[in-house]
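Scroll down for the structure; my scribbles are underneath it.
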Amino acid sequence: MQVKRIPVGSYAANCYILIDESTKECAVIDPGGDGEELIKYIDELQVNVKLILLTHGHADHTGAVGQLKERFKVSAHIHKNDGDFINSGEFMFGPLKYKGETVILNTDVTEESIFKVGNLVIKAIETPGHTLGGVCYLVEDKIFTGDTLFLRSIGRTDLIGGDFFTLINSIKNKLLVLDEDINVFPGHGPQTTIKYERENNPFI
């Protein structure tokens with residue numbers, strides 16, 4: 001698997017493109033902004049976008065979903081809890097629109113969800129705390145944590161749906177129990193590893 005990271009939007013949220021090199025199929029995680037630049041970059045990669053996955057519903061992670069859905073004719077998937085916040089127009093979530101029209105999301109991501117892209121098997125892990133519908137995506141030896149876990153830090157919990165103790169519980173019981181060599185690709189900033197965060201993250 002090849003992973004491309006593109007910081008997008010005013011908050012420099014990490015958008016990830018997960019490419020199965022044998023089939024050139026790919027998934028896009030958290031296209032948070034700069035839609036035209038993202039589309040140009042993806043076109044230059046000469047890959048076939050199969051779906052969009054969202055770690056949570058904050059606007060800095062969802063802002064370009066409408067553009068990518070229109071260009072690549074694919075579905076976008078999110079946990080129902082955050083999908084509901086987007087649809088209600090809750091601050092920091094939505095409503096999510098493109099060209100004046102509501103962007104339709106598949107609110108079908110759960111702890112049991114598995115998405116297949118080429119030969120890649122992408123497993124969803126529910127990690128509420130930053131938001132009610134926070135999700136991480138595990139693929140091979142890599143996990144994409146959105147705003148749940150960062151290098152030596154964790155997501156903020158002072159916005160609607162956030163809860164510090166829920167977030168710490170998610171990190172300790174869902175992420176830190178994974179193999180220590182798993183690489184962590186967060187929603188902002190540089191990557192890290194499970195081992196490094198176990199040993200160095202001051203919040204846990």
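By convention in this document, the chains of the structure tokens carry letters A, B, ... by their order, each chain's residues are numbered from 1, and ligands are numbered from 1 in the order they are shown.
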(Q) Set the distance at 9 Å and use only C-alpha atoms: which residues neighbour Val28 of chain A once local chain neighbours fewer than 5 positions away are removed? I'd like the list as a list in words. (A) Cys15, Tyr16, Ile17, Leu18, Ile19, Val49, Lys50, Leu51, Ile52, Leu53 and Leu54 of chain A
Which segment 40-107 of chain A residues have any atom within 9 Å of an atom of segment 124-145 of chain A, and for each, what is the nearest pair of atoms with distance in Å to one decimal, counting only C-alpha atoms, rows sorted by chain and number, as CSV?
residue,atom,partner,partner_atom,distance
A:Leu53,CA,A:Tyr137,CA,8.6
A:Leu54,CA,A:Val135,CA,7.8
A:Thr55,CA,A:Val135,CA,4.8
A:His56,CA,A:Gly134,CA,4.9
A:Gly57,CA,A:Gly133,CA,7.7
A:His58,CA,A:Thr131,CA,8.5
A:Ile78,CA,A:Gly133,CA,7.9
A:His79,CA,A:Gly133,CA,5.2
A:Lys80,CA,A:Gly133,CA,6.7
A:Asn81,CA,A:Gly133,CA,4.8
A:Asp82,CA,A:Gly133,CA,4.8
A:Gly83,CA,A:Gly133,CA,8.0
For the residues in that selection, give me N, CA, C and O atoms as a PDB file, in the first residue's frame.
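Ended up saving to result-v6.pdb:
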ATOM      1  N   LEU A  53     -13.660   8.113   2.979  1.00  0.00           N
ATOM      2  CA  LEU A  53     -13.898   7.759   4.375  1.00  0.00           C
ATOM      3  C   LEU A  53     -13.623   8.978   5.252  1.00  0.00           C
ATOM      4  O   LEU A  53     -12.622   9.681   5.059  1.00  0.00           O
ATOM      5  N   LEU A  54     -14.493   9.203   6.219  1.00  0.00           N
ATOM      6  CA  LEU A  54     -14.352  10.346   7.124  1.00  0.00           C
ATOM      7  C   LEU A  54     -14.123   9.857   8.547  1.00  0.00           C
ATOM      8  O   LEU A  54     -14.869   9.004   9.047  1.00  0.00           O
ATOM      9  N   THR A  55     -13.105  10.421   9.195  1.00  0.00           N
ATOM     10  CA  THR A  55     -12.826  10.037  10.580  1.00  0.00           C
ATOM     11  C   THR A  55     -13.804  10.686  11.547  1.00  0.00           C
ATOM     12  O   THR A  55     -14.077  10.141  12.610  1.00  0.00           O
ATOM     13  N   HIS A  56     -14.310  11.864  11.175  1.00  0.00           N
ATOM     14  CA  HIS A  56     -15.312  12.554  11.986  1.00  0.00           C
ATOM     15  C   HIS A  56     -15.903  13.680  11.150  1.00  0.00           C
ATOM     16  O   HIS A  56     -15.501  13.888   9.992  1.00  0.00           O
ATOM     17  N   GLY A  57     -16.843  14.413  11.733  1.00  0.00           N
ATOM     18  CA  GLY A  57     -17.627  15.329  10.940  1.00  0.00           C
ATOM     19  C   GLY A  57     -17.245  16.787  10.969  1.00  0.00           C
ATOM     20  O   GLY A  57     -17.961  17.607  10.389  1.00  0.00           O
ATOM     21  N   HIS A  58     -16.163  17.165  11.619  1.00  0.00           N
ATOM     22  CA  HIS A  58     -15.788  18.567  11.650  1.00  0.00           C
ATOM     23  C   HIS A  58     -15.459  19.082  10.247  1.00  0.00           C
ATOM     24  O   HIS A  58     -14.861  18.372   9.434  1.00  0.00           O
ATOM     25  N   ILE A  78     -19.407   7.947   6.888  1.00  0.00           N
ATOM     26  CA  ILE A  78     -19.157   8.564   8.187  1.00  0.00           C
ATOM     27  C   ILE A  78     -20.003   7.843   9.231  1.00  0.00           C
ATOM     28  O   ILE A  78     -21.004   7.186   8.899  1.00  0.00           O
ATOM     29  N   HIS A  79     -19.622   7.961  10.494  1.00  0.00           N
ATOM     30  CA  HIS A  79     -20.430   7.397  11.582  1.00  0.00           C
ATOM     31  C   HIS A  79     -21.737   8.180  11.711  1.00  0.00           C
ATOM     32  O   HIS A  79     -21.769   9.397  11.515  1.00  0.00           O
ATOM     33  N   LYS A  80     -22.811   7.493  12.036  1.00  0.00           N
ATOM     34  CA  LYS A  80     -24.126   8.121  12.106  1.00  0.00           C
ATOM     35  C   LYS A  80     -24.164   9.298  13.087  1.00  0.00           C
ATOM     36  O   LYS A  80     -24.813  10.316  12.820  1.00  0.00           O
ATOM     37  N   ASN A  81     -23.497   9.174  14.221  1.00  0.00           N
ATOM     38  CA  ASN A  81     -23.541  10.251  15.213  1.00  0.00           C
ATOM     39  C   ASN A  81     -23.056  11.575  14.636  1.00  0.00           C
ATOM     40  O   ASN A  81     -23.666  12.628  14.862  1.00  0.00           O
ATOM     41  N   ASP A  82     -21.960  11.535  13.895  1.00  0.00           N
ATOM     42  CA  ASP A  82     -21.449  12.777  13.308  1.00  0.00           C
ATOM     43  C   ASP A  82     -22.246  13.167  12.068  1.00  0.00           C
ATOM     44  O   ASP A  82     -22.376  14.357  11.766  1.00  0.00           O
ATOM     45  N   GLY A  83     -22.775  12.188  11.356  1.00  0.00           N
ATOM     46  CA  GLY A  83     -23.660  12.501  10.245  1.00  0.00           C
ATOM     47  C   GLY A  83     -24.881  13.279  10.709  1.00  0.00           C
ATOM     48  O   GLY A  83     -25.324  14.230  10.042  1.00  0.00           O
TER      49      GLY A  83
END
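The neighbours of Val47 of chain A here are the residues that come within 7 Å of it, using only C-alpha atoms and leaving out any residue fewer than 5 positions away in the same chain; they are Lys24, Glu25, Cys26 and Ile42 of chain A.
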Take the residues just selected and output them with N, CA and C atoms as a JSON list (two decimals), in the first residue's frame.
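Listing of selection-v2.json after writing:
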[["chain", "number", "residue", "atom", "x", "y", "z"],
["A", 24, "LYS", "N", -4.27, 0.02, -8.62],
["A", 24, "LYS", "CA", -4.38, 1.48, -8.75],
["A", 24, "LYS", "C", -5.72, 2.01, -8.25],
["A", 25, "GLU", "N", -6.41, 1.23, -7.42],
["A", 25, "GLU", "CA", -7.60, 1.72, -6.76],
["A", 25, "GLU", "C", -7.20, 2.41, -5.46],
["A", 26, "CYS", "N", -8.00, 3.39, -5.04],
["A", 26, "CYS", "CA", -7.63, 4.11, -3.83],
["A", 26, "CYS", "C", -8.85, 4.57, -3.04],
["A", 42, "ILE", "N", -4.92, 14.02, -7.39],
["A", 42, "ILE", "CA", -5.39, 12.65, -7.59],
["A", 42, "ILE", "C", -5.35, 12.26, -9.06]]
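Between atom CA of Pro95 of chain A and atom CA of Gly189 of chain A the separation is 26.2 Å.
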Could you give me, as a PDB file with all heavy atoms, in the first residue's frame, the residues within 12 Å of Ser10 of chain A, counting only C-alpha atoms and dropping anything in the same chain fewer than 4 positions from it?
ATOM      1  N   ASN A  14      -4.815  16.834   7.573  1.00  0.00           N
ATOM      2  CA  ASN A  14      -4.200  15.834   6.705  1.00  0.00           C
ATOM      3  C   ASN A  14      -5.269  15.055   5.945  1.00  0.00           C
ATOM      4  O   ASN A  14      -6.115  14.380   6.540  1.00  0.00           O
ATOM      5  CB  ASN A  14      -3.371  14.847   7.525  1.00  0.00           C
ATOM      6  CG  ASN A  14      -2.100  15.465   8.066  1.00  0.00           C
ATOM      7  OD1 ASN A  14      -1.526  16.358   7.450  1.00  0.00           O
ATOM      8  ND2 ASN A  14      -1.659  14.993   9.221  1.00  0.00           N
ATOM      9  N   GLY A  32     -10.564  17.577   3.504  1.00  0.00           N
ATOM     10  CA  GLY A  32     -11.095  18.671   4.303  1.00  0.00           C
ATOM     11  C   GLY A  32     -11.145  20.027   3.631  1.00  0.00           C
ATOM     12  O   GLY A  32     -11.680  20.969   4.204  1.00  0.00           O
ATOM     13  N   GLY A  33     -10.601  20.162   2.443  1.00  0.00           N
ATOM     14  CA  GLY A  33     -10.605  21.450   1.773  1.00  0.00           C
ATOM     15  C   GLY A  33      -9.744  21.415   0.528  1.00  0.00           C
ATOM     16  O   GLY A  33      -9.222  20.357   0.153  1.00  0.00           O
ATOM     17  N   ASP A  34      -9.588  22.573  -0.120  1.00  0.00           N
ATOM     18  CA  ASP A  34      -8.754  22.674  -1.319  1.00  0.00           C
ATOM     19  C   ASP A  34      -9.134  21.628  -2.355  1.00  0.00           C
ATOM     20  O   ASP A  34      -8.285  20.917  -2.907  1.00  0.00           O
ATOM     21  CB  ASP A  34      -7.263  22.543  -0.965  1.00  0.00           C
ATOM     22  CG  ASP A  34      -6.792  23.617  -0.001  1.00  0.00           C
ATOM     23  OD1 ASP A  34      -7.377  24.722  -0.016  1.00  0.00           O
ATOM     24  OD2 ASP A  34      -5.853  23.358   0.774  1.00  0.00           O
ATOM     25  N   ALA A  59     -15.820  20.333   9.999  1.00  0.00           N
ATOM     26  CA  ALA A  59     -15.752  20.887   8.651  1.00  0.00           C
ATOM     27  C   ALA A  59     -14.350  20.889   8.063  1.00  0.00           C
ATOM     28  O   ALA A  59     -14.186  20.796   6.841  1.00  0.00           O
ATOM     29  CB  ALA A  59     -16.316  22.305   8.660  1.00  0.00           C
ATOM     30  N   ASP A  60     -13.315  20.997   8.912  1.00  0.00           N
ATOM     31  CA  ASP A  60     -11.958  21.007   8.376  1.00  0.00           C
ATOM     32  C   ASP A  60     -11.520  19.637   7.870  1.00  0.00           C
ATOM     33  O   ASP A  60     -10.439  19.505   7.295  1.00  0.00           O
ATOM     34  CB  ASP A  60     -10.957  21.555   9.404  1.00  0.00           C
ATOM     35  CG  ASP A  60     -10.896  20.758  10.689  1.00  0.00           C
ATOM     36  OD1 ASP A  60     -11.949  20.262  11.139  1.00  0.00           O
ATOM     37  OD2 ASP A  60      -9.798  20.642  11.265  1.00  0.00           O
ATOM     38  N   HIS A  61     -12.369  18.617   8.070  1.00  0.00           N
ATOM     39  CA  HIS A  61     -12.075  17.275   7.553  1.00  0.00           C
ATOM     40  C   HIS A  61     -13.056  16.835   6.470  1.00  0.00           C
ATOM     41  O   HIS A  61     -12.878  15.769   5.883  1.00  0.00           O
ATOM     42  CB  HIS A  61     -12.080  16.254   8.701  1.00  0.00           C
ATOM     43  CG  HIS A  61     -10.934  16.431   9.641  1.00  0.00           C
ATOM     44  ND1 HIS A  61      -9.807  15.629   9.630  1.00  0.00           N
ATOM     45  CD2 HIS A  61     -10.719  17.348  10.615  1.00  0.00           C
ATOM     46  CE1 HIS A  61      -8.962  16.044  10.564  1.00  0.00           C
ATOM     47  NE2 HIS A  61      -9.496  17.091  11.173  1.00  0.00           N
ATOM     48  N   GLY A  63     -14.642  19.382   4.173  1.00  0.00           N
ATOM     49  CA  GLY A  63     -14.972  20.507   3.312  1.00  0.00           C
ATOM     50  C   GLY A  63     -14.972  20.244   1.823  1.00  0.00           C
ATOM     51  O   GLY A  63     -15.713  20.881   1.072  1.00  0.00           O
ATOM     52  N   HIS A 188      -3.840  15.882  11.902  1.00  0.00           N
ATOM     53  CA  HIS A 188      -3.005  17.084  11.775  1.00  0.00           C
ATOM     54  C   HIS A 188      -1.595  16.707  12.203  1.00  0.00           C
ATOM     55  O   HIS A 188      -1.406  15.898  13.121  1.00  0.00           O
ATOM     56  CB  HIS A 188      -3.504  18.220  12.671  1.00  0.00           C
ATOM     57  CG  HIS A 188      -4.912  18.659  12.393  1.00  0.00           C
ATOM     58  ND1 HIS A 188      -5.222  19.673  11.518  1.00  0.00           N
ATOM     59  CD2 HIS A 188      -6.081  18.200  12.889  1.00  0.00           C
ATOM     60  CE1 HIS A 188      -6.537  19.829  11.489  1.00  0.00           C
ATOM     61  NE2 HIS A 188      -7.085  18.955  12.312  1.00  0.00           N
TER      62      HIS A 188
END
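Straight-line separation from atom CA of Lys195 of chain A to atom CA of Glu180 of chain A: 4.3 Å.
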Q.
To one decimal place in Å, what is the distance between atom CA of Leu68 of chain A and atom CA of Glu36 of chain A?
A.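 That distance, rounded to one decimal, is 8.8 Å.
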Q: Just the helix (DSSP H, G or I) stuff from segment 43-139 of chain A, please, per backbone DSSP, written as a ChimeraX atom specification.
A: /A:43-45,59-62,65-72,80-88
Q) Out of segment 2-193 of chain A, which residues get strand (DSSP E or B) from DSSP, as a ChimeraX atom specification? A) /A:2-8,13-20,25-29,48-53,75-79,97-98,101-102,106-109,114-117,120-126,135-139,142-146,149-150,153-154,183-186,192-193
(Q) Quick one: residues within 12 Å of Glu199 of chain A, only C-alpha atoms, excluding same-chain residues fewer than 4 positions away - as a ChimeraX atom specification? (A) /A:151-152,176,180,192-195,203-204
Q: Can you work out which one of A:Glu112, A:Glu197, A:Asp158, A:Asp43 has the shortest atom-to-atom distance to Phe72 of chain A, counting only C-alpha atoms?
A: A:Asp43
**Q.** Which of A:Arg156, A:Thr102, A:Lys73, A:Ile122 sits closest to Ser88 of chain A [using only C-alpha atoms]
**A.** A:Thr102
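Checking A:Ile182, A:Ala13, A:Ile6, A:Ala76 one by one against Val109 of chain A, counting only C-alpha atoms, you find the shortest gap at A:Ala76.
Among A:Val8, A:Leu159, A:Val184, A:Leu149, the residue with the shortest atom-to-atom distance to Met92 of chain A, counting only C-alpha atoms, is A:Leu159.
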